[in-house]
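Q: CSV, N, CA and C atoms, saved as work09.csv, coming up:
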```csv
chain,number,residue,atom,x,y,z
A,39,MET,N,108.5,90.0,68.2
A,39,MET,CA,109.4,91.0,67.6
A,39,MET,C,110.8,90.4,67.5
A,40,ALA,N,111.7,91.2,67.0
A,40,ALA,CA,113.0,90.7,66.7
A,40,ALA,C,113.9,90.8,68.0
A,41,THR,N,114.9,89.9,68.0
A,41,THR,CA,115.9,89.9,69.1
A,41,THR,C,117.1,90.7,68.5
A,42,LEU,N,117.5,91.7,69.3
A,42,LEU,CA,118.6,92.6,68.9
A,42,LEU,C,119.7,92.4,69.9
A,43,THR,N,120.9,92.4,69.4
A,43,THR,CA,122.1,92.5,70.3
A,43,THR,C,122.8,93.8,69.9
A,44,ILE,N,123.0,94.7,70.9
A,44,ILE,CA,123.7,95.9,70.7
A,44,ILE,C,125.1,95.8,71.2
A,45,LEU,N,126.1,95.9,70.4
A,45,LEU,CA,127.5,95.9,70.8
A,45,LEU,C,128.0,97.3,71.0
A,46,LEU,N,128.3,97.6,72.3
A,46,LEU,CA,128.8,99.0,72.6
A,46,LEU,C,130.3,98.9,72.7
A,47,THR,N,131.0,99.4,71.7
A,47,THR,CA,132.5,99.3,71.6
A,47,THR,C,133.2,100.6,71.7
A,48,GLN,N,132.5,101.7,71.8
A,48,GLN,CA,133.1,103.0,71.8
A,48,GLN,C,133.4,103.5,73.3
A,49,PRO,N,134.5,104.2,73.5
A,49,PRO,CA,134.7,104.8,74.8
A,49,PRO,C,133.7,105.9,75.1
A,50,PRO,N,133.4,106.2,76.3
A,50,PRO,CA,132.5,107.3,76.6
A,50,PRO,C,133.1,108.7,76.2
A,51,TYR,N,132.3,109.6,75.8
A,51,TYR,CA,132.6,111.0,75.7
A,51,TYR,C,133.6,111.3,74.5
A,52,ALA,N,134.1,110.3,73.8
A,52,ALA,CA,135.0,110.6,72.7
A,52,ALA,C,134.2,111.0,71.5
A,53,SER,N,133.0,110.5,71.4
A,53,SER,CA,132.1,110.8,70.3
A,53,SER,C,130.7,110.6,70.8
A,54,GLN,N,129.7,110.9,70.0
A,54,GLN,CA,128.3,110.7,70.3
A,54,GLN,C,127.9,109.2,70.2
A,55,GLN,N,128.7,108.4,69.6
A,55,GLN,CA,128.3,107.0,69.3
A,55,GLN,C,128.0,106.2,70.6
A,56,ALA,N,128.8,106.4,71.7
A,56,ALA,CA,128.6,105.7,72.9
A,56,ALA,C,127.2,106.0,73.5
A,57,SER,N,126.8,107.2,73.5
A,57,SER,CA,125.5,107.6,74.0
A,57,SER,C,124.4,107.1,73.1
A,58,ASP,N,124.6,107.2,71.8
A,58,ASP,CA,123.6,106.8,70.8
A,58,ASP,C,123.3,105.3,70.9
A,59,GLY,N,124.4,104.5,71.2
A,59,GLY,CA,124.2,103.1,71.4
A,59,GLY,C,123.2,102.7,72.5
A,60,ILE,N,123.4,103.3,73.6
A,60,ILE,CA,122.5,103.1,74.8
A,60,ILE,C,121.1,103.6,74.5
A,61,GLU,N,121.0,104.7,73.9
A,61,GLU,CA,119.7,105.3,73.6
A,61,GLU,C,119.0,104.4,72.5
A,62,PHE,N,119.7,103.9,71.6
A,62,PHE,CA,119.1,102.9,70.6
A,62,PHE,C,118.6,101.7,71.3
A,63,ALA,N,119.4,101.2,72.2
A,63,ALA,CA,118.9,100.0,73.0
A,63,ALA,C,117.6,100.3,73.8
A,64,LEU,N,117.6,101.4,74.5
A,64,LEU,CA,116.4,101.8,75.2
A,64,LEU,C,115.2,102.0,74.3
A,65,ALA,N,115.4,102.6,73.2
A,65,ALA,CA,114.3,102.9,72.3
A,65,ALA,C,113.8,101.6,71.7
A,66,SER,N,114.7,100.6,71.4
A,66,SER,CA,114.2,99.4,70.8
A,66,SER,C,113.2,98.6,71.6
A,67,THR,N,113.3,98.7,72.9
A,67,THR,CA,112.4,98.0,73.8
A,67,THR,C,111.0,98.6,73.7
A,68,ASN,N,110.9,99.9,73.4
A,68,ASN,CA,109.6,100.6,73.3
A,68,ASN,C,108.8,100.1,72.1
A,69,TYR,N,109.5,99.4,71.2
A,69,TYR,CA,108.9,98.8,70.0
A,69,TYR,C,108.7,97.3,70.1
A,70,GLY,N,108.9,96.8,71.3
A,70,GLY,CA,108.6,95.4,71.6
A,70,GLY,C,109.8,94.5,71.2
A,71,HIS,N,110.9,95.0,70.9
A,71,HIS,CA,112.1,94.1,70.6
A,71,HIS,C,112.7,93.6,71.9
A,72,GLU,N,113.2,92.4,71.8
A,72,GLU,CA,114.0,91.9,72.9
A,72,GLU,C,115.4,92.4,72.6
A,73,CYS,N,116.1,92.9,73.6
A,73,CYS,CA,117.3,93.6,73.4
A,73,CYS,C,118.4,93.1,74.4
A,74,ASN,N,119.6,92.7,73.9
A,74,ASN,CA,120.7,92.4,74.7
A,74,ASN,C,121.8,93.5,74.4
A,75,VAL,N,122.4,93.9,75.5
A,75,VAL,CA,123.5,94.9,75.4
A,75,VAL,C,124.8,94.3,75.9
A,76,VAL,N,125.8,94.4,75.0
A,76,VAL,CA,127.1,93.9,75.3
A,76,VAL,C,128.1,95.0,75.3
A,77,PHE,N,128.8,95.2,76.4
A,77,PHE,CA,129.9,96.2,76.5
A,77,PHE,C,131.2,95.4,76.2
A,78,SER,N,131.9,95.9,75.1
A,78,SER,CA,133.1,95.2,74.6
A,78,SER,C,134.1,96.2,74.3
A,79,GLY,N,135.4,95.8,74.3
A,79,GLY,CA,136.5,96.7,73.9
A,79,GLY,C,136.5,97.9,74.8
A,80,LYS,N,136.7,99.1,74.3
A,80,LYS,CA,136.8,100.3,75.1
A,80,LYS,C,135.4,100.7,75.5
A,81,GLY,N,134.4,100.1,75.0
A,81,GLY,CA,133.0,100.3,75.4
A,81,GLY,C,132.8,100.1,76.9
A,82,ILE,N,133.6,99.2,77.4
A,82,ILE,CA,133.5,98.9,78.9
A,82,ILE,C,133.8,100.1,79.7
A,83,LEU,N,134.5,101.0,79.2
A,83,LEU,CA,134.8,102.3,79.9
A,83,LEU,C,133.6,103.1,80.2
A,84,GLN,N,132.5,102.8,79.5
A,84,GLN,CA,131.2,103.5,79.8
A,84,GLN,C,130.7,103.1,81.1
A,85,LEU,N,131.1,102.0,81.6
A,85,LEU,CA,130.6,101.4,82.9
A,85,LEU,C,131.4,101.8,84.1
A,86,LEU,N,132.6,102.5,83.9
A,86,LEU,CA,133.4,102.8,85.0
A,86,LEU,C,132.7,103.6,86.1
A,87,ALA,N,133.0,103.3,87.3
A,87,ALA,CA,132.4,104.0,88.5
A,87,ALA,C,133.0,105.4,88.5
A,88,ASN,N,132.3,106.3,89.2
A,88,ASN,CA,132.8,107.7,89.5
A,88,ASN,C,133.0,108.5,88.3
A,89,GLN,N,132.2,108.4,87.3
A,89,GLN,CA,132.3,109.3,86.1
A,89,GLN,C,131.8,110.7,86.4
A,90,GLN,N,132.4,111.7,85.9
A,90,GLN,CA,132.0,113.0,86.1
A,90,GLN,C,132.2,113.8,84.8
A,91,PRO,N,131.4,113.5,83.8
A,91,PRO,CA,131.6,114.2,82.5
A,91,PRO,C,131.1,115.7,82.6
A,92,VAL,N,131.7,116.4,81.7
A,92,VAL,CA,131.4,117.8,81.6
A,92,VAL,C,130.6,118.0,80.3
A,93,GLU,N,129.4,118.6,80.4
A,93,GLU,CA,128.6,118.9,79.2
A,93,GLU,C,128.2,117.7,78.4
A,94,ARG,N,128.1,116.5,78.9
A,94,ARG,CA,127.6,115.3,78.3
A,94,ARG,C,126.8,114.5,79.2
A,95,LYS,N,125.9,113.6,78.7
A,95,LYS,CA,125.2,112.7,79.5
A,95,LYS,C,126.1,111.8,80.2
A,96,ASN,N,125.9,111.4,81.4
A,96,ASN,CA,126.7,110.5,82.1
A,96,ASN,C,126.4,109.1,81.6
A,97,GLN,N,127.4,108.4,81.0
A,97,GLN,CA,127.1,107.1,80.4
A,97,GLN,C,126.8,106.1,81.4
A,98,LEU,N,127.3,106.1,82.6
A,98,LEU,CA,127.0,105.2,83.6
A,98,LEU,C,125.6,105.3,84.1
A,99,LYS,N,125.1,106.5,84.2
A,99,LYS,CA,123.7,106.7,84.6
A,99,LYS,C,122.8,106.1,83.6
A,100,GLN,N,123.1,106.3,82.3
A,100,GLN,CA,122.3,105.7,81.2
A,100,GLN,C,122.3,104.2,81.3
A,101,ALA,N,123.5,103.6,81.5
A,101,ALA,CA,123.6,102.1,81.6
A,101,ALA,C,122.9,101.6,82.8
A,102,ARG,N,122.8,102.3,83.9
A,102,ARG,CA,122.1,101.8,85.1
A,102,ARG,C,120.6,101.7,84.9
A,103,VAL,N,120.0,102.4,83.9
A,103,VAL,CA,118.6,102.2,83.7
A,103,VAL,C,118.2,101.1,82.8
A,104,LEU,N,119.2,100.4,82.2
A,104,LEU,CA,118.9,99.3,81.3
A,104,LEU,C,117.9,98.3,81.9
A,105,PRO,N,118.1,97.8,83.2
A,105,PRO,CA,117.2,96.9,83.7
A,105,PRO,C,115.7,97.4,83.8
A,106,PHE,N,115.5,98.7,83.9
A,106,PHE,CA,114.2,99.2,84.0
A,106,PHE,C,113.5,99.1,82.6
A,107,TYR,N,114.2,98.9,81.6
A,107,TYR,CA,113.7,98.7,80.2
A,107,TYR,C,113.7,97.2,79.8
A,108,ASP,N,113.8,96.3,80.8
A,108,ASP,CA,113.9,94.9,80.6
A,108,ASP,C,115.1,94.4,79.8
A,109,ILE,N,116.2,95.2,79.9
A,109,ILE,CA,117.4,94.8,79.3
A,109,ILE,C,118.3,94.4,80.4
A,110,GLU,N,118.3,93.1,80.6
A,110,GLU,CA,119.1,92.5,81.7
A,110,GLU,C,119.3,91.0,81.3
A,111,PRO,N,120.4,90.5,81.7
A,111,PRO,CA,121.6,91.2,82.4
A,111,PRO,C,122.3,92.1,81.4
A,112,VAL,N,123.2,92.9,82.0
A,112,VAL,CA,124.1,93.7,81.2
A,112,VAL,C,125.3,92.8,80.9
A,113,TYR,N,125.6,92.5,79.6
A,113,TYR,CA,126.7,91.7,79.3
A,113,TYR,C,128.0,92.4,79.1
A,114,VAL,N,129.1,91.9,79.7
A,114,VAL,CA,130.4,92.5,79.6
A,114,VAL,C,131.4,91.4,79.0
A,115,CYS,N,132.1,91.8,78.0
A,115,CYS,CA,133.1,90.9,77.4
A,115,CYS,C,134.3,90.7,78.4
A,116,GLN,N,134.5,89.5,78.8
A,116,GLN,CA,135.5,89.1,79.8
A,116,GLN,C,136.9,89.4,79.3
A,117,ALA,N,137.2,89.1,78.0
A,117,ALA,CA,138.5,89.3,77.5
A,117,ALA,C,138.8,90.8,77.4
A,118,SER,N,137.8,91.7,77.1
A,118,SER,CA,138.0,93.1,77.0
A,118,SER,C,138.2,93.7,78.4
A,119,LEU,N,137.5,93.2,79.4
A,119,LEU,CA,137.7,93.6,80.7
A,119,LEU,C,139.2,93.3,81.2
A,120,ALA,N,139.7,92.1,80.9
A,120,ALA,CA,141.0,91.8,81.2
A,120,ALA,C,142.0,92.6,80.4
A,121,ALA,N,141.8,92.9,79.1
A,121,ALA,CA,142.7,93.6,78.3
A,121,ALA,C,142.8,95.1,78.8
A,122,LEU,N,141.8,95.6,79.4
A,122,LEU,CA,141.8,96.9,80.0
A,122,LEU,C,142.3,97.0,81.4
A,123,ASN,N,142.7,95.8,81.9
A,123,ASN,CA,143.2,95.7,83.3
A,123,ASN,C,142.2,96.1,84.3
A,124,LEU,N,140.9,95.7,84.1
A,124,LEU,CA,139.8,96.1,85.0
A,124,LEU,C,139.2,94.8,85.5
A,125,SER,N,138.4,95.0,86.6
A,125,SER,CA,137.6,93.9,87.1
A,125,SER,C,136.2,94.4,87.3
A,126,VAL,N,135.3,93.5,87.6
A,126,VAL,CA,133.9,93.9,87.8
A,126,VAL,C,133.8,94.9,88.9
A,127,THR,N,134.6,94.9,89.9
A,127,THR,CA,134.5,95.8,91.0
A,127,THR,C,134.9,97.3,90.6
A,128,ASP,N,135.5,97.4,89.4
A,128,ASP,CA,135.8,98.8,88.9
A,128,ASP,C,134.6,99.4,88.2
A,129,LEU,N,133.6,98.6,88.0
A,129,LEU,CA,132.4,99.1,87.3
A,129,LEU,C,131.4,99.7,88.2
A,130,GLY,N,130.6,100.6,87.8
A,130,GLY,CA,129.6,101.2,88.6
A,130,GLY,C,128.2,100.6,88.5
A,131,ILE,N,128.2,99.4,88.1
A,131,ILE,CA,126.9,98.6,88.0
A,131,ILE,C,127.0,97.5,89.0
A,132,ASP,N,125.9,97.2,89.6
A,132,ASP,CA,125.8,96.1,90.6
A,132,ASP,C,126.2,94.8,90.0
A,133,GLU,N,127.1,94.1,90.6
A,133,GLU,CA,127.6,92.8,90.1
A,133,GLU,C,126.5,91.8,89.8
A,134,ASP,N,125.4,91.9,90.5
A,134,ASP,CA,124.3,91.0,90.2
A,134,ASP,C,123.6,91.3,88.9
A,135,ASP,N,123.8,92.5,88.3
A,135,ASP,CA,123.2,92.8,87.1
A,135,ASP,C,124.1,92.6,85.9
A,136,ILE,N,125.3,92.1,86.1
A,136,ILE,CA,126.3,91.9,85.1
A,136,ILE,C,126.6,90.4,84.8
A,137,THR,N,126.7,90.0,83.6
A,137,THR,CA,127.1,88.7,83.2
A,137,THR,C,128.3,88.8,82.3
A,138,LEU,N,129.4,88.2,82.7
A,138,LEU,CA,130.6,88.2,81.9
A,138,LEU,C,130.5,87.1,80.8
A,139,LEU,N,130.9,87.5,79.7
A,139,LEU,CA,130.9,86.6,78.5
A,139,LEU,C,132.3,86.2,78.1
A,140,ASP,N,132.6,85.0,78.0
A,140,ASP,CA,133.8,84.6,77.4
A,140,ASP,C,133.6,84.5,75.9
A,141,ALA,N,134.6,84.2,75.1
A,141,ALA,CA,134.4,84.2,73.6
A,141,ALA,C,133.3,83.3,73.1
A,142,PRO,N,133.3,82.0,73.6
A,142,PRO,CA,132.2,81.1,73.1
A,142,PRO,C,130.8,81.6,73.5
A,143,ALA,N,130.7,82.1,74.7
A,143,ALA,CA,129.4,82.6,75.1
A,143,ALA,C,128.9,83.8,74.3
A,144,LEU,N,129.9,84.7,73.9
A,144,LEU,CA,129.6,85.9,73.1
A,144,LEU,C,129.2,85.4,71.7
A,145,HIS,N,129.9,84.5,71.2
A,145,HIS,CA,129.5,84.0,69.8
A,145,HIS,C,128.1,83.4,69.8
A,146,GLN,N,127.8,82.6,70.9
A,146,GLN,CA,126.5,82.0,71.0
A,146,GLN,C,125.4,83.1,71.1
A,147,LEU,N,125.6,84.1,71.9
A,147,LEU,CA,124.6,85.2,72.0
A,147,LEU,C,124.4,85.8,70.7
A,148,LEU,N,125.5,86.1,69.9
A,148,LEU,CA,125.4,86.8,68.6
A,148,LEU,C,124.6,85.8,67.6
A,149,ALA,N,124.9,84.5,67.7
A,149,ALA,CA,124.3,83.6,66.8
A,149,ALA,C,122.8,83.5,67.0
A,150,HIS,N,122.3,83.7,68.3
A,150,HIS,CA,120.9,83.6,68.6
A,150,HIS,C,120.2,84.9,68.4
A,151,SER,N,120.9,86.0,68.0
A,151,SER,CA,120.2,87.3,67.8
A,151,SER,C,119.8,87.4,66.3
A,152,GLU,N,118.7,88.0,66.1
A,152,GLU,CA,118.3,88.2,64.7
A,152,GLU,C,119.0,89.3,64.1
A,153,HIS,N,119.4,90.3,64.9
A,153,HIS,CA,120.1,91.5,64.3
A,153,HIS,C,121.1,91.9,65.3
A,154,THR,N,122.3,92.3,64.8
A,154,THR,CA,123.4,92.9,65.7
A,154,THR,C,123.7,94.3,65.2
A,155,VAL,N,123.7,95.2,66.1
A,155,VAL,CA,124.1,96.6,65.8
A,155,VAL,C,125.3,97.0,66.6
A,156,THR,N,126.3,97.6,66.0
A,156,THR,CA,127.5,97.9,66.7
A,156,THR,C,127.6,99.4,66.8
A,157,PHE,N,127.9,99.9,67.9
A,157,PHE,CA,128.1,101.4,68.1
A,157,PHE,C,129.5,101.5,68.7
```
Could you quickly redo this structure as structure tokens?
A:
Amino acid sequence: MATLTILLTQPPYASQQASDGIEFALASTNYGHECNVVFSGKGILQLLANQQPVERKNQLKQARVLPFYDIEPVYVCQASLAALNLSVTDLGIDEDDITLLDAPALHQLLAHSEHTVTF
């Protein structure tokens, strides 16, 4: 099947797009697709620890199940993390499950994907 890269660029809870992106990634594995998930830009905010949303699905809880769907590692854009003044320790995902991508590594990942979908 196809190799997909899902770029999650939207902040949590501002719209339905952030949740839709993770759900799309999870669903794609049910159809046999290999899926990479990259949190970039304000999408990194979906991974912040100690989220307590009101009347919405907790984005962090959704992101934590990615490895159970064979979506691992979870990719995080290094430049976006720095731009948001955050570090890996600010995120609510185990550091062992995260791979930081610099610009060349991100470009290489995208080049090796058959399809890229941005949320």
Q: Excluding same-chain residues fewer than 5 positions from Gln97 (chain A), what lies within 8 Å of it counting all atoms listed in the file, as number ranges by chain?
A: A: 50-51, 56-57, 83-86, 89-91, 102
Q: Pick the closest to Lys80 (chain A) from A:Asp135, A:Ala149, A:Thr154, A:Leu122: which is it, counting only N, CA and C atoms?
A: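 Closest to Lys80 (chain A) of all the choices is A:Leu122.
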Q: Nearest to Gly79 (chain A): which of A:Ile109, A:Leu42, A:Leu119, A:Leu64 is it, counting only N, CA and C atoms?
A: A:Leu119
Q: Step one, run DSSP on the backbone; step two, keep only residues of chain A assigned to strand (DSSP E); then write them as a list in words.
A: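 Here are the strand (DSSP E) residues of chain A: Thr41, Leu42, Thr43, Ile44, Leu45, Leu46, Glu72, Cys73, Asn74, Val75, Val76, Phe77, Val112, Tyr113, Val114, Cys115, Ile136, Thr137, Leu138, Leu139, His153, Thr154, Val155 and Thr156 of chain A.
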Q: I'd like the contact shell of region 60-63 of chain A - 7 Å cut-off, all atoms listed in the file, skipping same-chain residues fewer than 2 positions apart - returned as a PyMOL selection string.
A: chain A and resi 44+46+55-58+65-68+73+100-101
Q: Residues as selected, N, CA and C atoms, written as a compact mmCIF listing (two decimals), in the frame of the given file, can you do that?
A:
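This went into result_28.txt:
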```txt
# COMPACT_ATOMS: atom_id res chain seq x y z
N ILE A 44 123.00 94.70 70.90
CA ILE A 44 123.70 95.90 70.70
C ILE A 44 125.10 95.80 71.20
N LEU A 46 128.30 97.60 72.30
CA LEU A 46 128.80 99.00 72.60
C LEU A 46 130.30 98.90 72.70
N GLN A 55 128.70 108.40 69.60
CA GLN A 55 128.30 107.00 69.30
C GLN A 55 128.00 106.20 70.60
N ALA A 56 128.80 106.40 71.70
CA ALA A 56 128.60 105.70 72.90
C ALA A 56 127.20 106.00 73.50
N SER A 57 126.80 107.20 73.50
CA SER A 57 125.50 107.60 74.00
C SER A 57 124.40 107.10 73.10
N ASP A 58 124.60 107.20 71.80
CA ASP A 58 123.60 106.80 70.80
C ASP A 58 123.30 105.30 70.90
N ALA A 65 115.40 102.60 73.20
CA ALA A 65 114.30 102.90 72.30
C ALA A 65 113.80 101.60 71.70
N SER A 66 114.70 100.60 71.40
CA SER A 66 114.20 99.40 70.80
C SER A 66 113.20 98.60 71.60
N THR A 67 113.30 98.70 72.90
CA THR A 67 112.40 98.00 73.80
C THR A 67 111.00 98.60 73.70
N ASN A 68 110.90 99.90 73.40
CA ASN A 68 109.60 100.60 73.30
C ASN A 68 108.80 100.10 72.10
N CYS A 73 116.10 92.90 73.60
CA CYS A 73 117.30 93.60 73.40
C CYS A 73 118.40 93.10 74.40
N GLN A 100 123.10 106.30 82.30
CA GLN A 100 122.30 105.70 81.20
C GLN A 100 122.30 104.20 81.30
N ALA A 101 123.50 103.60 81.50
CA ALA A 101 123.60 102.10 81.60
C ALA A 101 122.90 101.60 82.80
```
Q: Using only C-alpha atoms for the distances, tell me which of A:Ala117, A:Met39, A:Ala52, A:Leu104 is nearest to Leu144 (chain A).
A: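 Answer, going by the shortest atom-to-atom distance: A:Ala117.
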Q: Would you please work out which residue, of A:Ser53, A:Leu147, A:Asn88, A:Ala40, is nearest to Gly70 (chain A) when using all atoms listed in the file?
A: A:Ala40
Q: For atom N of Thr137 (chain A) and CA of Val76 (chain A), quote the distance in Å rounded to one decimal.
A: 9.2 Å
Q: Would you mind writing down, as a PDB file with N, CA and C atoms, keeping the file's coordinate frame, each residue of chain A that DSSP on the backbone assigns to alpha helix (DSSP H)?
A:
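That gives us selection05.pdb:
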```pdb
ATOM      1  N   GLN A  55     128.700 108.400  69.600  1.00  0.00           N
ATOM      2  CA  GLN A  55     128.300 107.000  69.300  1.00  0.00           C
ATOM      3  C   GLN A  55     128.000 106.200  70.600  1.00  0.00           C
ATOM      4  N   ALA A  56     128.800 106.400  71.700  1.00  0.00           N
ATOM      5  CA  ALA A  56     128.600 105.700  72.900  1.00  0.00           C
ATOM      6  C   ALA A  56     127.200 106.000  73.500  1.00  0.00           C
ATOM      7  N   SER A  57     126.800 107.200  73.500  1.00  0.00           N
ATOM      8  CA  SER A  57     125.500 107.600  74.000  1.00  0.00           C
ATOM      9  C   SER A  57     124.400 107.100  73.100  1.00  0.00           C
ATOM     10  N   ASP A  58     124.600 107.200  71.800  1.00  0.00           N
ATOM     11  CA  ASP A  58     123.600 106.800  70.800  1.00  0.00           C
ATOM     12  C   ASP A  58     123.300 105.300  70.900  1.00  0.00           C
ATOM     13  N   GLY A  59     124.400 104.500  71.200  1.00  0.00           N
ATOM     14  CA  GLY A  59     124.200 103.100  71.400  1.00  0.00           C
ATOM     15  C   GLY A  59     123.200 102.700  72.500  1.00  0.00           C
ATOM     16  N   ILE A  60     123.400 103.300  73.600  1.00  0.00           N
ATOM     17  CA  ILE A  60     122.500 103.100  74.800  1.00  0.00           C
ATOM     18  C   ILE A  60     121.100 103.600  74.500  1.00  0.00           C
ATOM     19  N   GLU A  61     121.000 104.700  73.900  1.00  0.00           N
ATOM     20  CA  GLU A  61     119.700 105.300  73.600  1.00  0.00           C
ATOM     21  C   GLU A  61     119.000 104.400  72.500  1.00  0.00           C
ATOM     22  N   PHE A  62     119.700 103.900  71.600  1.00  0.00           N
ATOM     23  CA  PHE A  62     119.100 102.900  70.600  1.00  0.00           C
ATOM     24  C   PHE A  62     118.600 101.700  71.300  1.00  0.00           C
ATOM     25  N   ALA A  63     119.400 101.200  72.200  1.00  0.00           N
ATOM     26  CA  ALA A  63     118.900 100.000  73.000  1.00  0.00           C
ATOM     27  C   ALA A  63     117.600 100.300  73.800  1.00  0.00           C
ATOM     28  N   LEU A  64     117.600 101.400  74.500  1.00  0.00           N
ATOM     29  CA  LEU A  64     116.400 101.800  75.200  1.00  0.00           C
ATOM     30  C   LEU A  64     115.200 102.000  74.300  1.00  0.00           C
ATOM     31  N   ALA A  65     115.400 102.600  73.200  1.00  0.00           N
ATOM     32  CA  ALA A  65     114.300 102.900  72.300  1.00  0.00           C
ATOM     33  C   ALA A  65     113.800 101.600  71.700  1.00  0.00           C
ATOM     34  N   SER A  66     114.700 100.600  71.400  1.00  0.00           N
ATOM     35  CA  SER A  66     114.200  99.400  70.800  1.00  0.00           C
ATOM     36  C   SER A  66     113.200  98.600  71.600  1.00  0.00           C
ATOM     37  N   THR A  67     113.300  98.700  72.900  1.00  0.00           N
ATOM     38  CA  THR A  67     112.400  98.000  73.800  1.00  0.00           C
ATOM     39  C   THR A  67     111.000  98.600  73.700  1.00  0.00           C
ATOM     40  N   ASN A  68     110.900  99.900  73.400  1.00  0.00           N
ATOM     41  CA  ASN A  68     109.600 100.600  73.300  1.00  0.00           C
ATOM     42  C   ASN A  68     108.800 100.100  72.100  1.00  0.00           C
ATOM     43  N   GLN A  97     127.400 108.400  81.000  1.00  0.00           N
ATOM     44  CA  GLN A  97     127.100 107.100  80.400  1.00  0.00           C
ATOM     45  C   GLN A  97     126.800 106.100  81.400  1.00  0.00           C
ATOM     46  N   LEU A  98     127.300 106.100  82.600  1.00  0.00           N
ATOM     47  CA  LEU A  98     127.000 105.200  83.600  1.00  0.00           C
ATOM     48  C   LEU A  98     125.600 105.300  84.100  1.00  0.00           C
ATOM     49  N   LYS A  99     125.100 106.500  84.200  1.00  0.00           N
ATOM     50  CA  LYS A  99     123.700 106.700  84.600  1.00  0.00           C
ATOM     51  C   LYS A  99     122.800 106.100  83.600  1.00  0.00           C
ATOM     52  N   GLN A 100     123.100 106.300  82.300  1.00  0.00           N
ATOM     53  CA  GLN A 100     122.300 105.700  81.200  1.00  0.00           C
ATOM     54  C   GLN A 100     122.300 104.200  81.300  1.00  0.00           C
ATOM     55  N   ALA A 101     123.500 103.600  81.500  1.00  0.00           N
ATOM     56  CA  ALA A 101     123.600 102.100  81.600  1.00  0.00           C
ATOM     57  C   ALA A 101     122.900 101.600  82.800  1.00  0.00           C
ATOM     58  N   ARG A 102     122.800 102.300  83.900  1.00  0.00           N
ATOM     59  CA  ARG A 102     122.100 101.800  85.100  1.00  0.00           C
ATOM     60  C   ARG A 102     120.600 101.700  84.900  1.00  0.00           C
ATOM     61  N   GLN A 116     134.500  89.500  78.800  1.00  0.00           N
ATOM     62  CA  GLN A 116     135.500  89.100  79.800  1.00  0.00           C
ATOM     63  C   GLN A 116     136.900  89.400  79.300  1.00  0.00           C
ATOM     64  N   ALA A 117     137.200  89.100  78.000  1.00  0.00           N
ATOM     65  CA  ALA A 117     138.500  89.300  77.500  1.00  0.00           C
ATOM     66  C   ALA A 117     138.800  90.800  77.400  1.00  0.00           C
ATOM     67  N   SER A 118     137.800  91.700  77.100  1.00  0.00           N
ATOM     68  CA  SER A 118     138.000  93.100  77.000  1.00  0.00           C
ATOM     69  C   SER A 118     138.200  93.700  78.400  1.00  0.00           C
ATOM     70  N   LEU A 119     137.500  93.200  79.400  1.00  0.00           N
ATOM     71  CA  LEU A 119     137.700  93.600  80.700  1.00  0.00           C
ATOM     72  C   LEU A 119     139.200  93.300  81.200  1.00  0.00           C
ATOM     73  N   ALA A 120     139.700  92.100  80.900  1.00  0.00           N
ATOM     74  CA  ALA A 120     141.000  91.800  81.200  1.00  0.00           C
ATOM     75  C   ALA A 120     142.000  92.600  80.400  1.00  0.00           C
ATOM     76  N   ALA A 121     141.800  92.900  79.100  1.00  0.00           N
ATOM     77  CA  ALA A 121     142.700  93.600  78.300  1.00  0.00           C
ATOM     78  C   ALA A 121     142.800  95.100  78.800  1.00  0.00           C
ATOM     79  N   ALA A 141     134.600  84.200  75.100  1.00  0.00           N
ATOM     80  CA  ALA A 141     134.400  84.200  73.600  1.00  0.00           C
ATOM     81  C   ALA A 141     133.300  83.300  73.100  1.00  0.00           C
ATOM     82  N   PRO A 142     133.300  82.000  73.600  1.00  0.00           N
ATOM     83  CA  PRO A 142     132.200  81.100  73.100  1.00  0.00           C
ATOM     84  C   PRO A 142     130.800  81.600  73.500  1.00  0.00           C
ATOM     85  N   ALA A 143     130.700  82.100  74.700  1.00  0.00           N
ATOM     86  CA  ALA A 143     129.400  82.600  75.100  1.00  0.00           C
ATOM     87  C   ALA A 143     128.900  83.800  74.300  1.00  0.00           C
ATOM     88  N   LEU A 144     129.900  84.700  73.900  1.00  0.00           N
ATOM     89  CA  LEU A 144     129.600  85.900  73.100  1.00  0.00           C
ATOM     90  C   LEU A 144     129.200  85.400  71.700  1.00  0.00           C
ATOM     91  N   HIS A 145     129.900  84.500  71.200  1.00  0.00           N
ATOM     92  CA  HIS A 145     129.500  84.000  69.800  1.00  0.00           C
ATOM     93  C   HIS A 145     128.100  83.400  69.800  1.00  0.00           C
ATOM     94  N   GLN A 146     127.800  82.600  70.900  1.00  0.00           N
ATOM     95  CA  GLN A 146     126.500  82.000  71.000  1.00  0.00           C
ATOM     96  C   GLN A 146     125.400  83.100  71.100  1.00  0.00           C
ATOM     97  N   LEU A 147     125.600  84.100  71.900  1.00  0.00           N
ATOM     98  CA  LEU A 147     124.600  85.200  72.000  1.00  0.00           C
ATOM     99  C   LEU A 147     124.400  85.800  70.700  1.00  0.00           C
ATOM    100  N   LEU A 148     125.500  86.100  69.900  1.00  0.00           N
ATOM    101  CA  LEU A 148     125.400  86.800  68.600  1.00  0.00           C
ATOM    102  C   LEU A 148     124.600  85.800  67.600  1.00  0.00           C
ATOM    103  N   ALA A 149     124.900  84.500  67.700  1.00  0.00           N
ATOM    104  CA  ALA A 149     124.300  83.600  66.800  1.00  0.00           C
ATOM    105  C   ALA A 149     122.800  83.500  67.000  1.00  0.00           C
TER     106      ALA A 149
END
```
Q: If I take atom C of Leu148 (chain A) and atom N of Gln48 (chain A), how far is one from the other in Å, to one decimal?
A: 18.2 Å
Q: Compare A:His150, A:Pro111, A:Phe157, A:Lys99 by their minimum atom-to-atom distance to Asp134 (chain A), counting all atoms listed in the file, and give me the closest one.
A: A:Pro111
Q: Atom C of Ile82 (chain A) and CA of Leu45 (chain A), how far apart in Å?
A: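 Between CA of Leu45 (chain A) and atom C of Ile82 (chain A) the gap is 11.7 Å.
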